[in-house]
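Here is the file structure-v7.cif (mmCIF, C-alpha atoms and all ligand atoms).
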data_query
loop_
_atom_site.label_atom_id
_atom_site.label_comp_id
_atom_site.auth_asym_id
_atom_site.auth_seq_id
_atom_site.Cartn_x
_atom_site.Cartn_y
_atom_site.Cartn_z
CA MET K 65 18.11 32.76 14.93
CA ALA K 66 14.46 32.86 13.81
CA THR K 67 12.12 31.68 16.54
CA LEU K 68 8.54 32.35 15.46
CA LEU K 69 7.65 28.74 16.33
CA ALA K 70 9.96 28.21 19.31
CA GLY K 71 8.36 25.96 21.92
CA LYS K 72 5.77 24.63 19.45
CA THR K 73 5.35 21.04 18.26
CA ALA K 74 4.07 20.46 14.74
CA ILE K 75 2.96 17.20 13.15
CA ILE K 76 3.22 17.24 9.38
CA LEU K 77 1.37 14.64 7.26
CA GLY K 78 2.28 14.33 3.60
CA VAL K 79 6.06 14.41 3.19
CA ALA K 80 6.75 11.90 0.41
CA ASN K 81 10.03 13.30 -0.93
CA LYS K 82 12.16 16.47 -1.05
CA TRP K 83 9.83 18.06 -3.59
CA SER K 84 6.72 17.64 -1.44
CA ILE K 85 5.12 20.91 -0.33
CA ALA K 86 5.05 19.36 3.15
CA TYR K 87 8.87 19.13 3.02
CA ALA K 88 9.14 22.88 2.33
CA ILE K 89 6.78 23.52 5.24
CA ALA K 90 8.91 21.30 7.49
CA GLU K 91 12.04 23.25 6.46
CA SER K 92 10.38 26.57 7.33
CA TYR K 93 9.13 25.15 10.62
CA ARG K 94 12.56 23.85 11.63
CA ARG K 95 14.14 27.19 10.71
CA GLU K 96 11.68 28.91 13.05
CA GLY K 97 12.48 26.58 15.94
CA ALA K 98 9.50 24.18 15.89
CA ARG K 99 9.81 20.59 17.02
CA VAL K 100 8.63 18.54 14.05
CA ILE K 101 6.98 15.10 13.82
CA LEU K 102 6.51 13.55 10.37
CA THR K 103 4.19 10.79 9.22
CA TYR K 104 4.54 8.46 6.25
CA GLN K 105 2.02 6.41 4.31
CA GLY K 106 2.91 2.75 4.89
CA GLU K 107 6.12 0.72 4.61
CA ARG K 108 6.70 1.87 1.03
CA GLN K 109 7.57 5.39 2.21
CA LYS K 110 9.11 4.56 5.62
CA GLY K 111 12.82 4.55 4.73
CA THR K 112 12.61 7.65 2.53
CA VAL K 113 10.74 9.68 5.13
CA GLU K 114 13.10 8.54 7.90
CA ASP K 115 16.05 9.79 5.82
CA LEU K 116 14.27 13.09 5.12
CA ALA K 117 13.52 13.44 8.85
CA LYS K 118 17.24 13.17 9.61
CA ASP K 119 18.04 15.90 7.07
CA LEU K 120 15.35 18.12 8.59
CA GLY K 121 16.17 17.40 12.21
CA ALA K 122 12.64 16.11 12.77
CA ASP K 123 12.12 14.45 16.13
CA ARG K 124 9.82 11.54 15.34
CA VAL K 125 8.58 9.63 12.31
CA LEU K 126 5.29 7.74 12.59
CA ASN K 127 3.17 5.64 10.24
CA CYS K 128 -0.30 6.75 9.16
CA ASP K 129 -2.29 5.94 6.06
CA VAL K 130 -5.26 8.28 6.59
CA THR K 131 -7.69 5.90 4.90
CA LYS K 132 -7.08 3.29 7.65
CA PRO K 133 -8.93 4.13 10.91
CA GLU K 134 -6.76 1.67 12.86
CA GLU K 135 -3.60 3.51 11.74
CA LEU K 136 -5.07 6.87 12.77
CA ALA K 137 -5.94 5.36 16.16
CA ALA K 138 -2.39 4.00 16.48
CA LEU K 139 -1.03 7.46 15.63
CA VAL K 140 -3.10 9.04 18.41
CA GLU K 141 -1.84 6.35 20.80
CA ALA K 142 1.79 6.99 19.80
CA LEU K 143 1.25 10.72 20.39
CA SER K 144 -0.49 10.34 23.75
CA ASN K 145 2.36 12.04 25.64
CA GLU K 146 2.65 14.92 23.17
CA LYS K 147 1.20 18.40 23.33
CA LEU K 148 0.55 19.40 19.72
CA ASP K 149 0.37 23.02 18.58
CA ILE K 150 0.21 22.62 14.81
CA VAL K 151 -1.20 19.97 12.46
CA VAL K 152 -0.31 20.22 8.77
CA HIS K 153 -2.45 18.13 6.40
CA SER K 154 -0.71 18.00 3.01
CA ILE K 155 -2.37 14.95 1.48
CA ALA K 156 -4.31 14.31 -1.70
CA PHE K 157 -4.89 11.49 -4.15
CA ALA K 158 -6.95 10.76 -7.26
CA ASN K 159 -6.71 8.07 -9.91
CA ARG K 160 -4.49 9.18 -12.76
CA GLU K 161 -7.16 8.43 -15.38
CA ASP K 162 -9.53 10.83 -13.61
CA LEU K 163 -6.94 13.60 -14.11
CA SER K 164 -6.75 13.16 -17.88
CA ARG K 165 -10.14 12.18 -19.30
CA PRO K 166 -13.21 14.45 -19.45
CA PHE K 167 -14.61 15.20 -15.96
CA ILE K 168 -18.04 13.93 -17.02
CA GLU K 169 -16.56 10.41 -17.24
CA THR K 170 -15.46 10.35 -13.57
CA SER K 171 -16.31 6.97 -12.04
CA ARG K 172 -18.14 6.61 -8.74
CA ASP K 173 -15.16 4.78 -7.24
CA GLY K 174 -12.75 7.46 -8.45
CA PHE K 175 -14.96 10.20 -7.02
CA LEU K 176 -15.20 8.49 -3.63
CA LEU K 177 -11.48 7.72 -3.49
CA ALA K 178 -10.46 11.32 -4.27
CA HIS K 179 -12.86 12.65 -1.66
CA GLU K 180 -11.87 10.13 1.01
CA VAL K 181 -8.13 10.78 0.76
CA SER K 182 -8.17 14.47 -0.14
CA ALA K 183 -11.11 15.89 1.84
CA TYR K 184 -12.56 13.50 4.43
CA SER K 185 -9.09 12.85 5.86
CA LEU K 186 -8.89 16.47 7.06
CA ILE K 187 -12.02 15.84 9.13
CA SER K 188 -10.84 12.49 10.55
CA VAL K 189 -7.33 13.80 11.29
CA SER K 190 -8.73 16.93 12.98
CA ASN K 191 -11.13 14.86 15.08
CA ALA K 192 -8.31 12.50 16.10
CA LEU K 193 -5.65 15.10 16.88
CA ALA K 194 -7.59 18.11 18.24
CA PRO K 195 -7.78 16.50 21.72
CA LEU K 196 -3.95 16.58 21.78
CA MET K 197 -4.00 20.37 21.18
CA ALA K 198 -4.85 21.11 24.79
CA HIS K 199 -3.73 24.75 24.64
CA GLY K 200 -5.31 25.50 21.29
CA GLY K 201 -3.37 25.62 18.07
CA SER K 202 -3.49 25.68 14.31
CA ILE K 203 -4.60 23.08 11.76
CA LEU K 204 -3.80 23.76 8.14
CA THR K 205 -4.32 22.07 4.83
CA LEU K 206 -3.32 22.59 1.20
CA THR K 207 -5.78 23.40 -1.52
CA TYR K 208 -5.76 24.62 -5.11
CA LEU K 209 -7.60 27.13 -7.31
CA GLY K 210 -9.24 24.17 -9.10
CA ALA K 211 -11.70 24.15 -6.14
CA VAL K 212 -13.33 27.36 -7.37
CA ARG K 213 -12.41 27.61 -11.06
CA VAL K 214 -12.18 25.07 -13.85
CA ILE K 215 -8.55 24.10 -14.46
CA PRO K 216 -7.99 21.68 -17.36
CA ASN K 217 -7.65 18.06 -16.18
CA TYR K 218 -7.85 18.93 -12.46
CA ASN K 219 -11.35 17.43 -12.64
CA VAL K 220 -12.44 15.36 -9.64
CA MET K 221 -9.61 16.79 -7.57
CA GLY K 222 -11.16 20.24 -7.97
CA VAL K 223 -14.44 18.91 -6.60
CA ALA K 224 -12.60 17.25 -3.70
CA LYS K 225 -10.76 20.53 -2.98
CA ALA K 226 -14.12 22.35 -2.90
CA ALA K 227 -15.24 19.85 -0.23
CA LEU K 228 -11.93 20.39 1.57
CA GLU K 229 -12.34 24.18 1.61
CA ALA K 230 -15.92 23.89 2.92
CA SER K 231 -14.66 21.45 5.55
CA VAL K 232 -12.10 24.05 6.66
CA ARG K 233 -14.95 26.46 7.41
CA TYR K 234 -17.06 23.93 9.33
CA LEU K 235 -14.04 22.67 11.30
CA ALA K 236 -13.03 26.25 12.14
CA SER K 237 -16.54 26.79 13.50
CA ASP K 238 -16.46 23.56 15.56
CA LEU K 239 -12.98 24.08 16.99
CA GLY K 240 -12.93 27.84 17.58
CA ALA K 241 -14.16 27.47 21.16
CA LYS K 242 -11.03 25.40 21.86
CA ASN K 243 -8.87 28.15 20.35
CA ILE K 244 -7.93 25.84 17.49
CA ARG K 245 -7.77 27.65 14.17
CA VAL K 246 -8.31 25.88 10.84
CA ASN K 247 -7.13 27.34 7.53
CA ALA K 248 -6.09 26.34 4.03
CA ILE K 249 -3.27 27.60 1.86
CA SER K 250 -4.18 27.65 -1.81
CA ALA K 251 -0.79 27.17 -3.44
CA GLY K 252 0.00 27.98 -7.04
CA PRO K 253 1.02 24.99 -9.17
CA ILE K 254 4.30 23.42 -8.07
CA LYS K 255 6.12 20.55 -9.78
CA THR K 256 5.74 17.65 -7.30
CA ALA K 257 5.11 13.91 -7.67
CA SER K 258 1.34 14.42 -7.28
CA ALA K 259 1.25 17.28 -9.78
CA ARG K 260 3.00 15.16 -12.41
CA GLY K 261 -0.08 12.91 -12.39
CA ILE K 262 -2.15 15.73 -13.91
CA LYS K 263 -2.15 15.66 -17.71
CA ASP K 264 -0.36 18.65 -19.32
CA PHE K 265 0.70 20.04 -15.93
CA SER K 266 3.74 21.78 -17.46
CA LYS K 267 1.36 23.84 -19.63
CA VAL K 268 -0.37 25.02 -16.44
CA LEU K 269 3.00 26.09 -15.02
CA ASP K 270 3.83 28.03 -18.19
CA GLY K 271 0.37 29.61 -18.32
CA VAL K 272 0.56 30.80 -14.72
CA ALA K 273 4.03 32.33 -15.10
CA ALA K 274 2.80 34.22 -18.17
CA VAL K 275 -0.25 35.71 -16.43
CA ALA K 276 0.47 35.99 -12.68
CA PRO K 277 1.15 39.52 -11.40
CA LEU K 278 4.54 38.41 -10.05
CA GLN K 279 5.29 36.90 -13.51
CA ARG K 280 6.57 33.62 -12.16
CA ASN K 281 5.48 30.41 -10.48
CA THR K 282 5.19 29.72 -6.76
CA ASP K 283 8.28 28.77 -4.78
CA PRO K 284 7.46 26.00 -2.25
CA ALA K 285 9.40 28.00 0.38
CA GLU K 286 6.77 30.75 0.03
CA VAL K 287 4.11 28.21 1.00
CA GLY K 288 6.32 27.10 3.91
CA ASP K 289 6.63 30.65 5.19
CA THR K 290 2.88 31.29 4.99
CA ALA K 291 2.43 28.05 6.92
CA VAL K 292 4.76 29.55 9.57
CA PHE K 293 2.48 32.61 9.80
CA LEU K 294 -0.64 30.45 10.16
CA GLY K 295 1.03 28.15 12.69
CA SER K 296 2.52 30.95 14.77
CA ASP K 297 0.92 33.43 17.14
CA LEU K 298 1.14 36.01 14.33
CA GLY K 299 -1.85 34.24 12.77
CA ARG K 300 -3.87 34.14 16.00
CA GLY K 301 -6.83 36.06 14.55
CA VAL K 302 -7.12 34.05 11.33
CA THR K 303 -9.42 31.04 11.07
CA GLY K 304 -11.69 29.47 8.45
CA ASN K 305 -9.72 31.12 5.66
CA VAL K 306 -8.22 30.14 2.34
CA ILE K 307 -5.01 32.12 1.80
CA TYR K 308 -3.66 32.22 -1.76
CA VAL K 309 0.10 31.82 -2.16
CA ASP K 310 0.16 31.80 -5.94
CA ALA K 311 2.15 34.80 -7.21
CA GLY K 312 -1.25 36.53 -7.47
CA PHE K 313 -2.61 34.36 -10.29
CA GLN K 314 -6.11 34.00 -8.81
CA ILE K 315 -6.94 37.73 -9.10
CA MET K 316 -6.52 37.80 -12.88
CA GLY K 317 -9.54 37.87 -15.17
CA LEU K 318 -8.53 38.52 -18.74
CA GLN K 319 -4.95 38.95 -19.87
CA ALA K 320 -4.38 42.29 -21.63
CA PRO K 321 -4.00 41.70 -25.39
CA GLU K 322 -0.46 42.23 -26.82
O1 LIG U 401 0.85 22.10 -7.64
C1 LIG U 401 0.85 21.46 -6.59
N1 LIG U 401 1.75 20.53 -6.36
C2 LIG U 401 -0.19 21.78 -5.56
C3 LIG U 401 -0.46 20.89 -4.55
C4 LIG U 401 -0.90 23.06 -5.68
C5 LIG U 401 -1.86 23.28 -4.64
C6 LIG U 401 -2.12 22.36 -3.66
N2 LIG U 401 -1.43 21.17 -3.65
C7 LIG U 401 -1.76 20.22 -2.59
C8 LIG U 401 -2.04 18.80 -3.01
O2 LIG U 401 -3.32 18.67 -3.57
C9 LIG U 401 -1.91 18.10 -1.67
O3 LIG U 401 -3.08 18.30 -0.91
O4 LIG U 401 -0.67 20.10 -1.70
C10 LIG U 401 -0.76 18.86 -1.02
C11 LIG U 401 0.59 18.16 -1.12
O5 LIG U 401 0.82 17.77 -2.44
P1 LIG U 401 2.26 17.77 -3.14
O6 LIG U 401 3.29 18.19 -2.20
O7 LIG U 401 2.09 18.46 -4.44
O8 LIG U 401 2.44 16.23 -3.54
P2 LIG U 401 3.24 14.99 -2.93
O9 LIG U 401 4.66 15.32 -2.66
O10 LIG U 401 2.99 13.83 -3.86
O11 LIG U 401 2.51 14.72 -1.55
C12 LIG U 401 1.22 14.21 -1.43
C13 LIG U 401 1.30 13.03 -0.50
C14 LIG U 401 1.51 11.63 -1.06
O12 LIG U 401 2.52 11.49 -1.84
P3 LIG U 401 2.51 10.31 -3.01
O13 LIG U 401 3.37 10.97 -4.03
O14 LIG U 401 3.08 9.11 -2.36
O15 LIG U 401 1.10 10.12 -3.52
O16 LIG U 401 0.08 12.75 0.12
C15 LIG U 401 0.32 11.57 0.87
C16 LIG U 401 1.50 10.88 0.26
O17 LIG U 401 2.61 11.06 1.07
N3 LIG U 401 -0.78 10.65 0.83
C17 LIG U 401 -1.21 10.01 1.91
N4 LIG U 401 -0.78 10.05 3.19
C18 LIG U 401 -1.42 9.27 4.07
N5 LIG U 401 -2.43 8.47 3.75
C19 LIG U 401 -2.26 9.20 1.49
C20 LIG U 401 -2.88 8.39 2.46
N6 LIG U 401 -3.89 7.58 2.17
N7 LIG U 401 -2.44 9.36 0.14
C21 LIG U 401 -1.53 10.26 -0.26
#
Please express the file's structure as structure tokens.
Amino acid sequence: MATLLAGKTAIILGVANKWSIAYAIAESYRREGARVILTYQGERQKGTVEDLAKDLGADRVLNCDVTKPEELAALVEALSNEKLDIVVHSIAFANREDLSRPFIETSRDGFLLAHEVSAYSLISVSNALAPLMAHGGSILTLTYLGAVRVIPNYNVMGVAKAALEASVRYLASDLGAKNIRVNAISAGPIKTASARGIKDFSKVLDGVAAVAPLQRNTDPAEVGDTAVFLGSDLGRGVTGNVIYVDAGFQIMGLQAPE
């Protein structure tokens, strides 16, 4: 039996359904012997996430919409008897129209919303949960290449991911003295509910498979297994990093002509 995470407790925010990247991370964590706590975003997701928790063998399921400070405070209260080792932040949101029209037309409200849910929440969640990581631990989040390169229609989400990646570095600096590491996994495109909101997402999937060194798209289980590395003691020297799990796509410049 694999036991890279035996004796560790992980809280995973962002499981919405079986296709969620957070679900693949939870599967890898359970396989490696972690105790897993899931959160859901409001009543709408409660039943689904409770069912998924049963399938996964997750221990607890708690409510938390990260945009509501009172729900984050209630989460901390509910966790007061827990010793957390790993926090997985797998949350993002932007208005659908901001992921289809030209970036220059992004509204102020759409910009603020994308940044609040997708970037600021890593800061608020880290601030709330780090005190429960008494023996140190690992915080990780999910990002995308659109933070550093222009990807068609990724738009305001790319800007929010840039803020998220910078936040990873500042949080790693703040929390290092407590032996809490903070990293991001930059996953290749994966067909999930959130990704379907991006116009022409299937063209991105096809384009990546055609160009990536591994000549295919990213399997969510590969992200889950990298999350195991970062959450486990194997990753003990790694903090403030963005690790690409993308079949190698990000290294490519120009595709060789046929
Ligand atoms: O290609 C992809 N799918 C990639 C995703 C490539 C690289 C990175 N990512 C990132 C996303 O940007 C996100 O940060 O991975 C993370 C997880 O995204 P996902 O697994 O692709 O998408 P999904 O299954 O939809 O999970 C995101 C979840 C929400 O799901 P819905 O579908 O209900 O919007 O984020 C959660 C929610 O569960 N979420 C919130 N949770 C708490 N409070 C909130 C909120 N306010 N808003 C969204």
List the neighbours of K:Tyr308 out to 9 Å using all atoms listed in the file; skip same-chain residues closer than 4 positions along the sequence, and give me the result as a CSV table (one decimal) with C-alpha atoms, keeping the file's coordinate frame.
chain,number,residue,atom,x,y,z
K,208,TYR,CA,-5.8,24.6,-5.1
K,209,LEU,CA,-7.6,27.1,-7.3
K,248,ALA,CA,-6.1,26.3,4.0
K,249,ILE,CA,-3.3,27.6,1.9
K,250,SER,CA,-4.2,27.6,-1.8
K,251,ALA,CA,-0.8,27.2,-3.4
K,252,GLY,CA,0.0,28.0,-7.0
K,312,GLY,CA,-1.2,36.5,-7.5
K,313,PHE,CA,-2.6,34.4,-10.3
K,314,GLN,CA,-6.1,34.0,-8.8
* Tell me which of K:Lys118, K:Lys242, K:Lys263, K:Arg108 sits closest to K:Asp162, counting all atoms listed in the file. => K:Lys263
Counting only C-alpha atoms and all ligand atoms, what are the residues, protein, DNA or RNA alike, that approach ligand LIG 401 (chain U) to within 8 Å? I want them as a PDB file with C-alpha atoms, in the coordinates of the input.
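Listed below is the output, part.pdb:
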ATOM      1  CA  LEU K  77       1.370  14.640   7.260  1.00  0.00           C
ATOM      2  CA  GLY K  78       2.280  14.330   3.600  1.00  0.00           C
ATOM      3  CA  VAL K  79       6.060  14.410   3.190  1.00  0.00           C
ATOM      4  CA  ALA K  80       6.750  11.900   0.410  1.00  0.00           C
ATOM      5  CA  ASN K  81      10.030  13.300  -0.930  1.00  0.00           C
ATOM      6  CA  LYS K  82      12.160  16.470  -1.050  1.00  0.00           C
ATOM      7  CA  TRP K  83       9.830  18.060  -3.590  1.00  0.00           C
ATOM      8  CA  SER K  84       6.720  17.640  -1.440  1.00  0.00           C
ATOM      9  CA  ILE K  85       5.120  20.910  -0.330  1.00  0.00           C
ATOM     10  CA  ALA K  86       5.050  19.360   3.150  1.00  0.00           C
ATOM     11  CA  TYR K  87       8.870  19.130   3.020  1.00  0.00           C
ATOM     12  CA  THR K 103       4.190  10.790   9.220  1.00  0.00           C
ATOM     13  CA  TYR K 104       4.540   8.460   6.250  1.00  0.00           C
ATOM     14  CA  GLN K 105       2.020   6.410   4.310  1.00  0.00           C
ATOM     15  CA  GLY K 106       2.910   2.750   4.890  1.00  0.00           C
ATOM     16  CA  GLN K 109       7.570   5.390   2.210  1.00  0.00           C
ATOM     17  CA  CYS K 128      -0.300   6.750   9.160  1.00  0.00           C
ATOM     18  CA  ASP K 129      -2.290   5.940   6.060  1.00  0.00           C
ATOM     19  CA  VAL K 130      -5.260   8.280   6.590  1.00  0.00           C
ATOM     20  CA  THR K 131      -7.690   5.900   4.900  1.00  0.00           C
ATOM     21  CA  LYS K 132      -7.080   3.290   7.650  1.00  0.00           C
ATOM     22  CA  HIS K 153      -2.450  18.130   6.400  1.00  0.00           C
ATOM     23  CA  SER K 154      -0.710  18.000   3.010  1.00  0.00           C
ATOM     24  CA  ILE K 155      -2.370  14.950   1.480  1.00  0.00           C
ATOM     25  CA  ALA K 156      -4.310  14.310  -1.700  1.00  0.00           C
ATOM     26  CA  PHE K 157      -4.890  11.490  -4.150  1.00  0.00           C
ATOM     27  CA  VAL K 181      -8.130  10.780   0.760  1.00  0.00           C
ATOM     28  CA  SER K 182      -8.170  14.470  -0.140  1.00  0.00           C
ATOM     29  CA  THR K 205      -4.320  22.070   4.830  1.00  0.00           C
ATOM     30  CA  LEU K 206      -3.320  22.590   1.200  1.00  0.00           C
ATOM     31  CA  THR K 207      -5.780  23.400  -1.520  1.00  0.00           C
ATOM     32  CA  TYR K 208      -5.760  24.620  -5.110  1.00  0.00           C
ATOM     33  CA  LEU K 209      -7.600  27.130  -7.310  1.00  0.00           C
ATOM     34  CA  MET K 221      -9.610  16.790  -7.570  1.00  0.00           C
ATOM     35  CA  LYS K 225     -10.760  20.530  -2.980  1.00  0.00           C
ATOM     36  CA  ILE K 249      -3.270  27.600   1.860  1.00  0.00           C
ATOM     37  CA  SER K 250      -4.180  27.650  -1.810  1.00  0.00           C
ATOM     38  CA  ALA K 251      -0.790  27.170  -3.440  1.00  0.00           C
ATOM     39  CA  GLY K 252       0.000  27.980  -7.040  1.00  0.00           C
ATOM     40  CA  PRO K 253       1.020  24.990  -9.170  1.00  0.00           C
ATOM     41  CA  ILE K 254       4.300  23.420  -8.070  1.00  0.00           C
ATOM     42  CA  LYS K 255       6.120  20.550  -9.780  1.00  0.00           C
ATOM     43  CA  THR K 256       5.740  17.650  -7.300  1.00  0.00           C
ATOM     44  CA  ALA K 257       5.110  13.910  -7.670  1.00  0.00           C
ATOM     45  CA  SER K 258       1.340  14.420  -7.280  1.00  0.00           C
ATOM     46  CA  ALA K 259       1.250  17.280  -9.780  1.00  0.00           C
TER      47      ALA K 259
END
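Of the listed residues (K:Ile262, K:Leu176, K:Leu235, K:Val214), K:Leu235 comes nearest to K:Ser188; the distances count all atoms listed in the file.
Distances here use all atoms listed in the file; by that measure, the residue among K:Val275, K:Leu186, K:Ala70, K:Gly222 closest to K:Leu318 is K:Val275.
Shortest atom-to-atom contact with K:Ala137 among K:Leu228, K:Asp123, K:Asn191, K:Arg160: K:Asn191, counting only C-alpha atoms.
The smallest atom-to-atom distance between K:Ala192 and any of K:Leu204, K:Val140, K:Ile150, K:Val232, using all atoms listed in the file, is found for K:Val140.
One distance worth recording is that between atom CA of K:Gly304 and atom CA of K:Pro216, which is 27.2 Å.
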* Restricting the calculation to only C-alpha atoms, which member of K:Val223, K:Leu148, K:Ile187, K:Val268 is positioned closest to K:Phe175? -> K:Val223
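One distance worth recording is that between atom CA of K:Ile244 and atom CA of K:Ile203, which is 7.2 Å.
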* Any idea what's packed within 6 Å of stretch 276-283 of chain K, counting only C-alpha atoms, ignoring anything in its chain fewer than 2 positions away? Could you give it as a ChimeraX atom specification? -> /K:252,272-274,285-286,310-313
Non-local contacts of K:Ala158 (8 Å; all atoms listed in the file; under 5 positions in same chain excluded) as a PDB file with C-alpha atoms, keeping the file's coordinate frame:
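Output below, filename around31.pdb:
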ATOM      1  CA  LEU K 163      -6.940  13.600 -14.110  1.00  0.00           C
ATOM      2  CA  GLY K 174     -12.750   7.460  -8.450  1.00  0.00           C
ATOM      3  CA  LEU K 177     -11.480   7.720  -3.490  1.00  0.00           C
ATOM      4  CA  ALA K 178     -10.460  11.320  -4.270  1.00  0.00           C
ATOM      5  CA  VAL K 220     -12.440  15.360  -9.640  1.00  0.00           C
ATOM      6  CA  MET K 221      -9.610  16.790  -7.570  1.00  0.00           C
TER       7      MET K 221
END
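The set of protein, DNA and RNA residues with any counted atom at most 8 Å from (6.5, 19.3, 16.0) (all atoms listed in the file) reads Lys72, Thr73, Ala74, Ile75, Ile76, Ala98, Arg99, Val100, Ile101, Ala122, Asp123, Leu148, Asp149 and Ile150 of chain K.
Put simply, atom CA of K:Asp270 is 28.8 Å away from atom CA of K:Leu294.
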Nearby residues, (-4.9, 25.4, 21.1) file frame, 10 Å, only C-alpha atoms, as a PDB file with C-alpha atoms, in the coordinates of the input:
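selection07.pdb written:
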ATOM      1  CA  LYS K 147       1.200  18.400  23.330  1.00  0.00           C
ATOM      2  CA  LEU K 148       0.550  19.400  19.720  1.00  0.00           C
ATOM      3  CA  ASP K 149       0.370  23.020  18.580  1.00  0.00           C
ATOM      4  CA  ILE K 150       0.210  22.620  14.810  1.00  0.00           C
ATOM      5  CA  ALA K 194      -7.590  18.110  18.240  1.00  0.00           C
ATOM      6  CA  PRO K 195      -7.780  16.500  21.720  1.00  0.00           C
ATOM      7  CA  LEU K 196      -3.950  16.580  21.780  1.00  0.00           C
ATOM      8  CA  MET K 197      -4.000  20.370  21.180  1.00  0.00           C
ATOM      9  CA  ALA K 198      -4.850  21.110  24.790  1.00  0.00           C
ATOM     10  CA  HIS K 199      -3.730  24.750  24.640  1.00  0.00           C
ATOM     11  CA  GLY K 200      -5.310  25.500  21.290  1.00  0.00           C
ATOM     12  CA  GLY K 201      -3.370  25.620  18.070  1.00  0.00           C
ATOM     13  CA  SER K 202      -3.490  25.680  14.310  1.00  0.00           C
ATOM     14  CA  ILE K 203      -4.600  23.080  11.760  1.00  0.00           C
ATOM     15  CA  LEU K 239     -12.980  24.080  16.990  1.00  0.00           C
ATOM     16  CA  GLY K 240     -12.930  27.840  17.580  1.00  0.00           C
ATOM     17  CA  ALA K 241     -14.160  27.470  21.160  1.00  0.00           C
ATOM     18  CA  LYS K 242     -11.030  25.400  21.860  1.00  0.00           C
ATOM     19  CA  ASN K 243      -8.870  28.150  20.350  1.00  0.00           C
ATOM     20  CA  ILE K 244      -7.930  25.840  17.490  1.00  0.00           C
ATOM     21  CA  ARG K 245      -7.770  27.650  14.170  1.00  0.00           C
TER      22      ARG K 245
END
Using all atoms of stretch 162-179 of chain K listed in the file and a margin of 3 Å per side, can you give the axis-aligned box centre and edge lengths in Å to one decimal, as JSON?
{"center_x": -12.4, "center_y": 10.0, "center_z": -10.6, "size_x": 17.4, "size_y": 16.4, "size_z": 23.8}
